[in-house]
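Coordinates from data.txt are shown below (compact mmCIF, C-alpha atoms).
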# COMPACT_ATOMS: atom_id res chain seq x y z
CA ASP A 22 16.73 7.27 -0.61
CA VAL A 23 14.97 4.40 1.12
CA LYS A 24 15.55 1.05 -0.44
CA VAL A 25 13.24 -1.88 0.21
CA THR A 26 14.46 -5.01 -1.51
CA GLN A 27 12.42 -8.15 -2.03
CA SER A 28 14.43 -11.26 -2.74
CA SER A 29 12.53 -12.44 -5.82
CA ARG A 30 10.54 -10.64 -8.48
CA TYR A 31 8.87 -13.83 -9.70
CA LEU A 32 8.47 -17.14 -7.91
CA VAL A 33 6.73 -20.38 -8.86
CA LYS A 34 6.03 -23.00 -6.21
CA ARG A 35 3.91 -26.10 -5.83
CA THR A 36 0.88 -26.71 -3.64
CA GLY A 37 1.90 -27.82 -0.16
CA GLU A 38 5.40 -26.36 -0.28
CA LYS A 39 6.68 -24.10 2.46
CA VAL A 40 7.50 -20.76 0.85
CA PHE A 41 9.70 -17.99 2.17
CA LEU A 42 9.50 -14.41 0.88
CA GLU A 43 12.29 -12.15 2.09
CA CYS A 44 12.36 -8.38 2.46
CA VAL A 45 15.24 -6.14 3.50
CA GLN A 46 15.23 -2.39 4.11
CA ASP A 47 18.29 -0.21 4.45
CA MET A 48 16.95 2.78 6.40
CA ASP A 49 16.77 1.46 9.95
CA HIS A 50 12.96 1.62 9.91
CA GLU A 51 11.08 0.26 12.91
CA ASN A 52 7.91 -0.74 11.05
CA MET A 53 7.69 -3.34 8.33
CA PHE A 54 4.64 -4.70 6.53
CA TRP A 55 3.54 -7.47 4.23
CA TYR A 56 0.62 -6.95 1.84
CA ARG A 57 -0.90 -8.96 -0.94
CA GLN A 58 -2.32 -7.20 -3.96
CA ASP A 59 -5.04 -8.76 -6.10
CA PRO A 60 -6.96 -7.13 -8.97
CA GLY A 61 -9.94 -5.18 -7.69
CA LEU A 62 -9.07 -5.80 -4.05
CA GLY A 63 -6.28 -3.28 -3.56
CA LEU A 64 -3.66 -3.79 -0.87
CA ARG A 65 -4.59 -6.10 1.95
CA LEU A 66 -2.41 -6.28 5.04
CA ILE A 67 -1.21 -9.74 6.05
CA TYR A 68 1.13 -8.96 8.96
CA PHE A 69 3.15 -6.10 10.27
CA SER A 70 6.00 -5.68 12.72
CA TYR A 71 6.87 -2.64 14.81
CA ASP A 72 10.11 -3.96 16.26
CA VAL A 73 12.46 -6.92 16.20
CA LYS A 74 10.64 -10.11 17.19
CA MET A 75 7.34 -8.20 17.43
CA LYS A 76 4.51 -8.96 15.04
CA GLU A 77 0.84 -8.19 14.69
CA LYS A 78 -1.80 -9.81 12.51
CA GLY A 79 -3.28 -7.74 9.75
CA ASP A 80 -6.57 -8.28 7.94
CA ILE A 81 -5.78 -11.61 6.25
CA PRO A 82 -3.18 -13.54 8.29
CA GLU A 83 -4.62 -17.04 7.76
CA GLY A 84 -2.14 -19.38 6.08
CA TYR A 85 0.79 -17.04 6.68
CA SER A 86 3.38 -16.43 9.37
CA VAL A 87 6.22 -13.94 9.66
CA SER A 88 9.64 -13.64 11.20
CA ARG A 89 11.63 -10.59 12.21
CA GLU A 90 14.91 -11.62 13.80
CA LYS A 91 16.80 -8.52 12.66
CA LYS A 92 15.55 -4.97 12.30
CA GLU A 93 16.27 -4.75 8.60
CA ARG A 94 14.72 -8.06 7.56
CA PHE A 95 11.09 -9.18 7.54
CA SER A 96 10.18 -12.60 6.18
CA LEU A 97 6.77 -13.86 5.09
CA ILE A 98 6.21 -17.59 5.32
CA LEU A 99 3.52 -19.60 3.59
CA GLU A 100 3.38 -22.69 5.79
CA SER A 101 1.72 -24.91 3.17
CA ALA A 102 1.18 -23.06 -0.09
CA SER A 103 -2.22 -23.24 -1.74
CA THR A 104 -3.40 -22.05 -5.14
CA ASN A 105 -5.48 -19.25 -3.58
CA GLN A 106 -2.23 -17.71 -2.36
CA THR A 107 -1.18 -16.95 -5.91
CA SER A 108 -0.78 -13.19 -5.81
CA MET A 109 1.53 -10.18 -5.86
CA TYR A 110 3.19 -9.73 -2.47
CA LEU A 111 4.45 -6.32 -1.45
CA CYS A 112 6.74 -5.51 1.45
CA ALA A 113 6.89 -2.01 2.94
CA SER A 114 8.66 -0.19 5.73
CA SER A 115 8.15 3.06 7.63
CA MET A 116 9.89 5.07 10.31
CA GLU A 117 9.19 5.17 14.02
CA GLY A 118 7.10 2.91 16.20
CA ILE A 119 3.46 2.11 16.78
CA LEU A 120 0.91 4.70 15.64
CA SER A 121 3.35 6.01 13.10
CA ASN A 122 2.06 8.59 10.64
CA GLN A 123 5.07 8.15 8.43
CA PRO A 124 4.67 7.15 4.79
CA GLN A 125 5.32 3.58 3.78
CA HIS A 126 8.10 2.73 1.33
CA PHE A 127 7.40 -0.27 -0.83
CA GLY A 128 9.54 -2.89 -2.49
CA ASP A 129 9.07 -3.90 -6.12
CA GLY A 130 6.93 -6.88 -5.16
CA THR A 131 7.12 -10.65 -5.63
CA ARG A 132 4.69 -12.21 -8.06
CA LEU A 133 4.08 -15.65 -6.59
CA SER A 134 2.38 -18.44 -8.50
CA ILE A 135 1.31 -21.61 -6.74
CA LEU A 136 0.73 -24.52 -9.10
CA GLY B 6 -12.66 -3.04 11.34
CA GLN B 7 -12.01 0.31 9.76
CA GLN B 8 -12.93 0.52 6.09
CA VAL B 9 -11.88 3.02 3.49
CA MET B 10 -13.99 3.10 0.33
CA GLN B 11 -12.54 4.49 -2.86
CA ILE B 12 -14.41 5.35 -6.05
CA PRO B 13 -14.44 4.94 -8.95
CA GLN B 14 -12.59 1.68 -9.51
CA TYR B 15 -11.62 2.70 -13.06
CA GLN B 16 -11.66 5.96 -14.96
CA HIS B 17 -10.98 6.43 -18.65
CA VAL B 18 -10.22 9.98 -19.78
CA GLN B 19 -8.98 11.69 -22.90
CA GLU B 20 -5.64 13.38 -22.48
CA GLY B 21 -6.27 16.93 -21.28
CA GLU B 22 -9.44 16.09 -19.35
CA ASP B 23 -9.64 16.35 -15.58
CA PHE B 24 -9.80 13.38 -13.19
CA THR B 25 -10.99 12.97 -9.63
CA THR B 26 -10.90 10.02 -7.24
CA TYR B 27 -12.73 9.97 -3.93
CA CYS B 28 -12.00 8.27 -0.65
CA ASN B 29 -14.62 7.82 2.09
CA SER B 30 -14.50 6.43 5.61
CA SER B 31 -17.27 5.60 8.06
CA THR B 32 -15.04 6.73 10.93
CA THR B 33 -13.08 9.90 11.54
CA LEU B 34 -9.54 9.65 10.24
CA SER B 35 -6.48 11.07 11.98
CA ASN B 36 -4.75 11.43 8.65
CA ILE B 37 -4.94 10.32 5.05
CA GLN B 38 -2.15 9.41 2.67
CA TRP B 39 -2.18 9.14 -1.12
CA TYR B 40 -0.02 6.80 -3.18
CA LYS B 41 0.47 6.25 -6.90
CA GLN B 42 1.32 2.93 -8.49
CA ARG B 43 2.46 2.98 -12.10
CA PRO B 44 1.70 -0.12 -14.21
CA GLY B 45 4.24 -2.79 -13.28
CA GLY B 46 5.53 -0.69 -10.40
CA HIS B 47 5.04 -0.39 -6.68
CA PRO B 48 3.02 2.18 -4.71
CA VAL B 49 4.87 5.44 -4.19
CA PHE B 50 3.89 7.93 -1.49
CA LEU B 51 2.54 11.22 -2.83
CA ILE B 52 1.28 13.21 0.14
CA GLN B 53 -0.26 13.16 3.61
CA LEU B 54 -3.13 15.31 4.88
CA VAL B 55 -3.72 15.79 8.59
CA LYS B 56 -5.87 18.86 9.24
CA SER B 57 -9.61 19.22 8.77
CA GLY B 58 -10.35 20.98 5.46
CA GLU B 59 -6.71 20.82 4.39
CA VAL B 60 -5.89 21.39 0.72
CA LYS B 61 -2.48 20.67 -0.77
CA LYS B 62 -1.25 21.00 -4.33
CA GLN B 63 1.49 19.32 -6.27
CA LYS B 64 1.65 20.87 -9.73
CA ARG B 65 -1.53 19.60 -11.47
CA LEU B 66 -2.60 17.46 -8.49
CA THR B 67 -4.89 18.85 -5.78
CA PHE B 68 -5.52 16.89 -2.58
CA GLN B 69 -8.33 17.71 -0.17
CA PHE B 70 -9.26 16.44 3.29
CA GLY B 71 -12.89 16.91 4.29
CA GLU B 72 -14.03 19.11 7.14
CA ALA B 73 -15.27 16.10 9.09
CA LYS B 74 -12.05 14.18 8.28
CA LYS B 75 -14.10 11.32 6.85
CA ASN B 76 -13.40 11.87 3.17
CA SER B 77 -10.69 12.98 0.83
CA SER B 78 -10.21 13.57 -2.87
CA LEU B 79 -7.43 13.73 -5.41
CA HIS B 80 -8.03 15.90 -8.47
CA ILE B 81 -5.77 15.98 -11.51
CA THR B 82 -6.14 18.90 -13.89
CA ALA B 83 -5.49 18.38 -17.60
CA THR B 84 -4.35 14.76 -17.43
CA GLN B 85 -1.27 13.58 -19.27
CA THR B 86 -0.24 10.07 -20.30
CA THR B 87 2.32 10.14 -17.49
CA ASP B 88 -0.58 10.24 -14.99
CA VAL B 89 -1.57 6.68 -15.89
CA GLY B 90 -1.60 4.36 -12.89
CA THR B 91 -3.58 3.36 -9.85
CA TYR B 92 -4.12 5.90 -7.10
CA PHE B 93 -4.62 4.65 -3.57
CA CYS B 94 -5.74 6.45 -0.47
CA ALA B 95 -4.78 5.12 2.96
CA GLY B 96 -6.56 6.37 6.05
CA LYS B 97 -5.76 5.89 9.70
CA SER B 98 -8.19 6.33 12.54
CA GLY B 99 -7.02 7.36 15.99
CA GLY B 100 -7.35 3.91 17.48
CA SER B 101 -5.51 1.92 14.85
CA TYR B 102 -1.83 1.27 14.45
CA ILE B 103 -1.58 1.63 10.73
CA PRO B 104 -3.52 3.03 7.77
CA THR B 105 -6.09 1.03 5.84
CA PHE B 106 -5.78 1.22 2.06
CA GLY B 107 -8.67 1.82 -0.28
CA ARG B 108 -9.00 -0.48 -3.28
CA GLY B 109 -7.58 2.13 -5.59
CA THR B 110 -8.72 3.98 -8.71
CA SER B 111 -7.06 3.01 -11.97
CA LEU B 112 -6.64 5.96 -14.32
CA ILE B 113 -6.38 5.26 -18.03
CA VAL B 114 -5.47 8.24 -20.21
CA HIS B 115 -6.17 8.02 -23.94
CA PRO B 116 -3.91 10.16 -26.12
Could you show the structure in this file as structure tokens?
Amino acid sequence: DVKVTQSSRYLVKRTGEKVFLECVQDMDHENMFWYRQDPGLGLRLIYFSYDVKMKEKGDIPEGYSVSREKKERFSLILESASTNQTSMYLCASSMEGILSNQPQHFGDGTRLSIL
Amino acid sequence: GQQVMQIPQYQHVQEGEDFTTYCNSSTTLSNIQWYKQRPGGHPVFLIQLVKSGEVKKQKRLTFQFGEAKKNSSLHITATQTTDVGTYFCAGKSGGSYIPTFGRGTSLIVHP
């Protein structure tokens, strides 16, 4: 079974801090994704990566960056946290490369609060 | 960019009633996926539809992909309390790398 592990279930940070959210998958998947989930807005894609050191902007990349130095790990970085980044963050992974039709496997999410 | 509209946003039903959620796209989709997210949980993949007019069943769940590959539906027959959750569709057009998620339909089942 695919396991996608997010480093924290709950996280509280202060405005202006640099925040790191970590995600690790154990199935050698090429694709990894970061979403934020807000009530009534569904899942919105922040960034995705289709290979080590490769990244592509999603629908809402402003205020975020990502890092993928190893295939199994995909990090989301909030360069200077703001209160409007309070949200549930979900990491996902899927098999194969670009244009994949494979299903995404999600982690349990990190509920981030910015005070 | 590509948009996938999902309706309704919420649906309250009495246990035993049927439930349907609809997913619509302005562009032709190469495939559509359905996910379920239980309260407090994460989205879990249910099924993928690829062919025009395709119908797939999983026990009480019936998934359809429209003939024009621009819409899809998920129908649950005789809902149970275990069906509670948010159902998302995710559609991918031929020119995009990854699927776009709809906003989801939250199903509330009253016993």
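The smallest atom-to-atom distance between chain A and any of B:Ser31, B:Gln53, B:Gln19, B:Thr82, using all atoms listed in the file, is found for B:Gln53.
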Tell me which residues come within 9 Å of (-14.1, 5.8, -2.9), as a VMD selection string, counting all atoms listed in the file in the file's coordinates. chain B and resid 9 to 14 26 to 30 76 to 78 94 107 to 110
Please write the residues from the selection above to a file, keeping C-alpha atoms, as a PDB file, in the frame of the given file.
ATOM      1  CA  VAL B   9     -11.880   3.020   3.490  1.00  0.00           C
ATOM      2  CA  MET B  10     -13.990   3.100   0.330  1.00  0.00           C
ATOM      3  CA  GLN B  11     -12.540   4.490  -2.860  1.00  0.00           C
ATOM      4  CA  ILE B  12     -14.410   5.350  -6.050  1.00  0.00           C
ATOM      5  CA  PRO B  13     -14.440   4.940  -8.950  1.00  0.00           C
ATOM      6  CA  GLN B  14     -12.590   1.680  -9.510  1.00  0.00           C
ATOM      7  CA  THR B  26     -10.900  10.020  -7.240  1.00  0.00           C
ATOM      8  CA  TYR B  27     -12.730   9.970  -3.930  1.00  0.00           C
ATOM      9  CA  CYS B  28     -12.000   8.270  -0.650  1.00  0.00           C
ATOM     10  CA  ASN B  29     -14.620   7.820   2.090  1.00  0.00           C
ATOM     11  CA  SER B  30     -14.500   6.430   5.610  1.00  0.00           C
ATOM     12  CA  ASN B  76     -13.400  11.870   3.170  1.00  0.00           C
ATOM     13  CA  SER B  77     -10.690  12.980   0.830  1.00  0.00           C
ATOM     14  CA  SER B  78     -10.210  13.570  -2.870  1.00  0.00           C
ATOM     15  CA  CYS B  94      -5.740   6.450  -0.470  1.00  0.00           C
ATOM     16  CA  GLY B 107      -8.670   1.820  -0.280  1.00  0.00           C
ATOM     17  CA  ARG B 108      -9.000  -0.480  -3.280  1.00  0.00           C
ATOM     18  CA  GLY B 109      -7.580   2.130  -5.590  1.00  0.00           C
ATOM     19  CA  THR B 110      -8.720   3.980  -8.710  1.00  0.00           C
TER      20      THR B 110
END
Residues of chain B within 7 Å of chain A, counting only C-alpha atoms, what are they? List them as a ChimeraX atom specification. /B:46-50,102-103,106-109
Could you work out how far CA of Asp22 (chain A) lies from CA of Val73 (chain A), giving the answer in Å with one decimal?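 Here the two named atoms are 22.4 Å from each other.
Within the 12 Å cut-off around Pro82 (chain A), using all atoms listed in the file and omitting residues fewer than 4 positions from it on the same chain, the listed residues are Phe54, Trp55, Tyr56, Arg57, Arg65, Leu66, Ile67, Tyr68, Phe69, Lys76, Glu77, Lys78, Ser86, Val87, Leu97, Ile98, Leu99, Glu100 and Gln106 of chain A.
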If you count only C-alpha atoms, which residues fall within 7 Å of Thr26 (chain A), apart from same-chain ones fewer than 3 positions away, as a VMD selection string? chain A and resid 44 to 46 128
How far is it from CA of Ile52 (chain B) to CA of Phe93 (chain B), in Å with one decimal?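 Taking CA of Ile52 (chain B) as the start and CA of Phe93 (chain B) as the end point, the length is 11.0 Å.
If you look at CA of Lys34 (chain A) and CA of Thr131 (chain A), they are 12.4 Å away from each other.
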Any idea what's packed within 8 Å of Lys74 (chain A), counting only C-alpha atoms, ignoring anything in its chain fewer than 4 positions away? Could you give it as JSON, numbers by chain? {"A": [70, 88, 89, 90, 91]}
Looking at B:His17, B:Lys75, B:Leu66, B:Val114, which one is nearest to Ala95 (chain B), with distances taken over only C-alpha atoms?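 Going through B:His17, B:Lys75, B:Leu66, B:Val114 one by one, the smallest distance to Ala95 (chain B) is for B:Lys75.
The residues that lie within 6 Å of the point (5.4, -14.0, -5.4), counting only C-alpha atoms, are Tyr31, Leu32, Met109, Tyr110, Thr131, Arg132 and Leu133 of chain A.
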Show me, as a ChimeraX atom specification, the residues that have an atom within 12 Å of region 59-61 of chain B when counting only C-alpha atoms, minus same-chain residues fewer than 6 positions from it. /B:36-39,51-53,67-74,76-80
For Thr91 (chain B), work out the shell of residues within 9 Å, counting only C-alpha atoms and skipping chain neighbours fewer than 4 positions away, then give it as an MDAnalysis selection string. chainID B and resid 15 40:44 48 109:113
Please produce a file of those selected residues containing C-alpha atoms, as a JSON list (two decimals), in the coordinates of the input.
[["chain", "number", "residue", "atom", "x", "y", "z"],
["B", 15, "TYR", "CA", -11.62, 2.70, -13.06],
["B", 40, "TYR", "CA", -0.02, 6.80, -3.18],
["B", 41, "LYS", "CA", 0.47, 6.25, -6.90],
["B", 42, "GLN", "CA", 1.32, 2.93, -8.49],
["B", 43, "ARG", "CA", 2.46, 2.98, -12.10],
["B", 44, "PRO", "CA", 1.70, -0.12, -14.21],
["B", 48, "PRO", "CA", 3.02, 2.18, -4.71],
["B", 109, "GLY", "CA", -7.58, 2.13, -5.59],
["B", 110, "THR", "CA", -8.72, 3.98, -8.71],
["B", 111, "SER", "CA", -7.06, 3.01, -11.97],
["B", 112, "LEU", "CA", -6.64, 5.96, -14.32],
["B", 113, "ILE", "CA", -6.38, 5.26, -18.03]]
Output requested as an mmCIF file, in the frame of the given file - region 62-73 of chain B, filled out with all heavy atoms.
data_model
loop_
_atom_site.group_PDB
_atom_site.id
_atom_site.type_symbol
_atom_site.label_atom_id
_atom_site.label_comp_id
_atom_site.auth_asym_id
_atom_site.auth_seq_id
_atom_site.Cartn_x
_atom_site.Cartn_y
_atom_site.Cartn_z
ATOM 1 N N LYS B 62 -1.421 21.115 -2.882
ATOM 2 C CA LYS B 62 -1.250 21.000 -4.330
ATOM 3 C C LYS B 62 0.168 20.544 -4.663
ATOM 4 O O LYS B 62 1.140 20.941 -4.027
ATOM 5 C CB LYS B 62 -1.535 22.343 -5.008
ATOM 6 C CG LYS B 62 -2.980 22.768 -4.933
ATOM 7 C CD LYS B 62 -3.279 23.952 -5.856
ATOM 8 C CE LYS B 62 -4.771 24.239 -5.839
ATOM 9 N NZ LYS B 62 -5.152 25.286 -6.822
ATOM 10 N N GLN B 63 0.223 19.696 -5.690
ATOM 11 C CA GLN B 63 1.490 19.320 -6.270
ATOM 12 C C GLN B 63 1.329 19.473 -7.777
ATOM 13 O O GLN B 63 0.761 18.611 -8.437
ATOM 14 C CB GLN B 63 1.850 17.862 -5.948
ATOM 15 C CG GLN B 63 2.228 17.592 -4.516
ATOM 16 C CD GLN B 63 2.556 16.125 -4.262
ATOM 17 O OE1 GLN B 63 2.330 15.260 -5.115
ATOM 18 N NE2 GLN B 63 3.090 15.821 -3.085
ATOM 19 N N LYS B 64 1.773 20.577 -8.304
ATOM 20 C CA LYS B 64 1.650 20.870 -9.730
ATOM 21 C C LYS B 64 0.189 20.731 -10.166
ATOM 22 O O LYS B 64 -0.667 21.495 -9.735
ATOM 23 C CB LYS B 64 2.581 19.969 -10.537
ATOM 24 C CG LYS B 64 4.047 20.198 -10.230
ATOM 25 C CD LYS B 64 4.948 19.316 -11.087
ATOM 26 C CE LYS B 64 6.408 19.579 -10.738
ATOM 27 N NZ LYS B 64 7.325 18.709 -11.503
ATOM 28 N N ARG B 65 -0.152 19.744 -10.990
ATOM 29 C CA ARG B 65 -1.530 19.600 -11.470
ATOM 30 C C ARG B 65 -2.406 18.760 -10.526
ATOM 31 O O ARG B 65 -3.585 18.561 -10.805
ATOM 32 C CB ARG B 65 -1.507 18.947 -12.852
ATOM 33 C CG ARG B 65 -0.889 19.814 -13.933
ATOM 34 C CD ARG B 65 -0.836 19.079 -15.289
ATOM 35 N NE ARG B 65 0.063 17.920 -15.227
ATOM 36 C CZ ARG B 65 -0.362 16.679 -15.144
ATOM 37 N NH1 ARG B 65 -1.650 16.401 -15.150
ATOM 38 N NH2 ARG B 65 0.513 15.689 -15.093
ATOM 39 N N LEU B 66 -1.851 18.289 -9.430
ATOM 40 C CA LEU B 66 -2.600 17.460 -8.490
ATOM 41 C C LEU B 66 -3.043 18.292 -7.296
ATOM 42 O O LEU B 66 -2.247 19.026 -6.707
ATOM 43 C CB LEU B 66 -1.725 16.299 -7.997
ATOM 44 C CG LEU B 66 -1.596 15.063 -8.868
ATOM 45 C CD1 LEU B 66 -0.976 15.358 -10.230
ATOM 46 C CD2 LEU B 66 -0.801 13.975 -8.154
ATOM 47 N N THR B 67 -4.332 18.168 -6.945
ATOM 48 C CA THR B 67 -4.890 18.850 -5.780
ATOM 49 C C THR B 67 -5.497 17.809 -4.851
ATOM 50 O O THR B 67 -6.333 17.010 -5.268
ATOM 51 C CB THR B 67 -5.958 19.866 -6.175
ATOM 52 O OG1 THR B 67 -5.389 20.830 -7.074
ATOM 53 C CG2 THR B 67 -6.492 20.590 -4.941
ATOM 54 N N PHE B 68 -5.067 17.839 -3.601
ATOM 55 C CA PHE B 68 -5.520 16.890 -2.580
ATOM 56 C C PHE B 68 -6.338 17.663 -1.545
ATOM 57 O O PHE B 68 -5.932 18.731 -1.098
ATOM 58 C CB PHE B 68 -4.323 16.229 -1.886
ATOM 59 C CG PHE B 68 -3.380 15.534 -2.816
ATOM 60 C CD1 PHE B 68 -2.371 16.252 -3.460
ATOM 61 C CD2 PHE B 68 -3.483 14.176 -3.038
ATOM 62 C CE1 PHE B 68 -1.491 15.620 -4.319
ATOM 63 C CE2 PHE B 68 -2.603 13.527 -3.897
ATOM 64 C CZ PHE B 68 -1.605 14.252 -4.534
ATOM 65 N N GLN B 69 -7.488 17.066 -1.175
ATOM 66 C CA GLN B 69 -8.330 17.710 -0.170
ATOM 67 C C GLN B 69 -8.687 16.711 0.931
ATOM 68 O O GLN B 69 -8.900 15.521 0.665
ATOM 69 C CB GLN B 69 -9.620 18.234 -0.803
ATOM 70 C CG GLN B 69 -9.413 19.369 -1.781
ATOM 71 C CD GLN B 69 -10.736 19.994 -2.226
ATOM 72 O OE1 GLN B 69 -11.763 19.357 -2.191
ATOM 73 N NE2 GLN B 69 -10.690 21.237 -2.646
ATOM 74 N N PHE B 70 -8.809 17.216 2.144
ATOM 75 C CA PHE B 70 -9.260 16.440 3.290
ATOM 76 C C PHE B 70 -10.527 17.106 3.799
ATOM 77 O O PHE B 70 -10.541 18.306 4.043
ATOM 78 C CB PHE B 70 -8.186 16.437 4.374
ATOM 79 C CG PHE B 70 -8.282 15.310 5.375
ATOM 80 C CD1 PHE B 70 -9.153 14.247 5.209
ATOM 81 C CD2 PHE B 70 -7.460 15.300 6.485
ATOM 82 C CE1 PHE B 70 -9.215 13.201 6.121
ATOM 83 C CE2 PHE B 70 -7.498 14.259 7.407
ATOM 84 C CZ PHE B 70 -8.377 13.208 7.222
ATOM 85 N N GLY B 71 -11.605 16.338 3.936
ATOM 86 C CA GLY B 71 -12.890 16.910 4.290
ATOM 87 C C GLY B 71 -12.913 17.541 5.675
ATOM 88 O O GLY B 71 -12.099 17.220 6.541
ATOM 89 N N GLU B 72 -13.908 18.402 5.858
ATOM 90 C CA GLU B 72 -14.030 19.110 7.140
ATOM 91 C C GLU B 72 -14.249 18.148 8.297
ATOM 92 O O GLU B 72 -13.748 18.362 9.406
ATOM 93 C CB GLU B 72 -15.196 20.099 7.079
ATOM 94 C CG GLU B 72 -15.004 21.251 6.102
ATOM 95 C CD GLU B 72 -13.951 22.251 6.579
ATOM 96 O OE1 GLU B 72 -13.616 22.247 7.790
ATOM 97 O OE2 GLU B 72 -13.446 23.019 5.750
ATOM 98 N N ALA B 73 -14.995 17.083 8.048
ATOM 99 C CA ALA B 73 -15.270 16.100 9.090
ATOM 100 C C ALA B 73 -14.179 15.036 9.178
ATOM 101 O O ALA B 73 -14.259 14.129 10.019
ATOM 102 C CB ALA B 73 -16.615 15.427 8.839
#
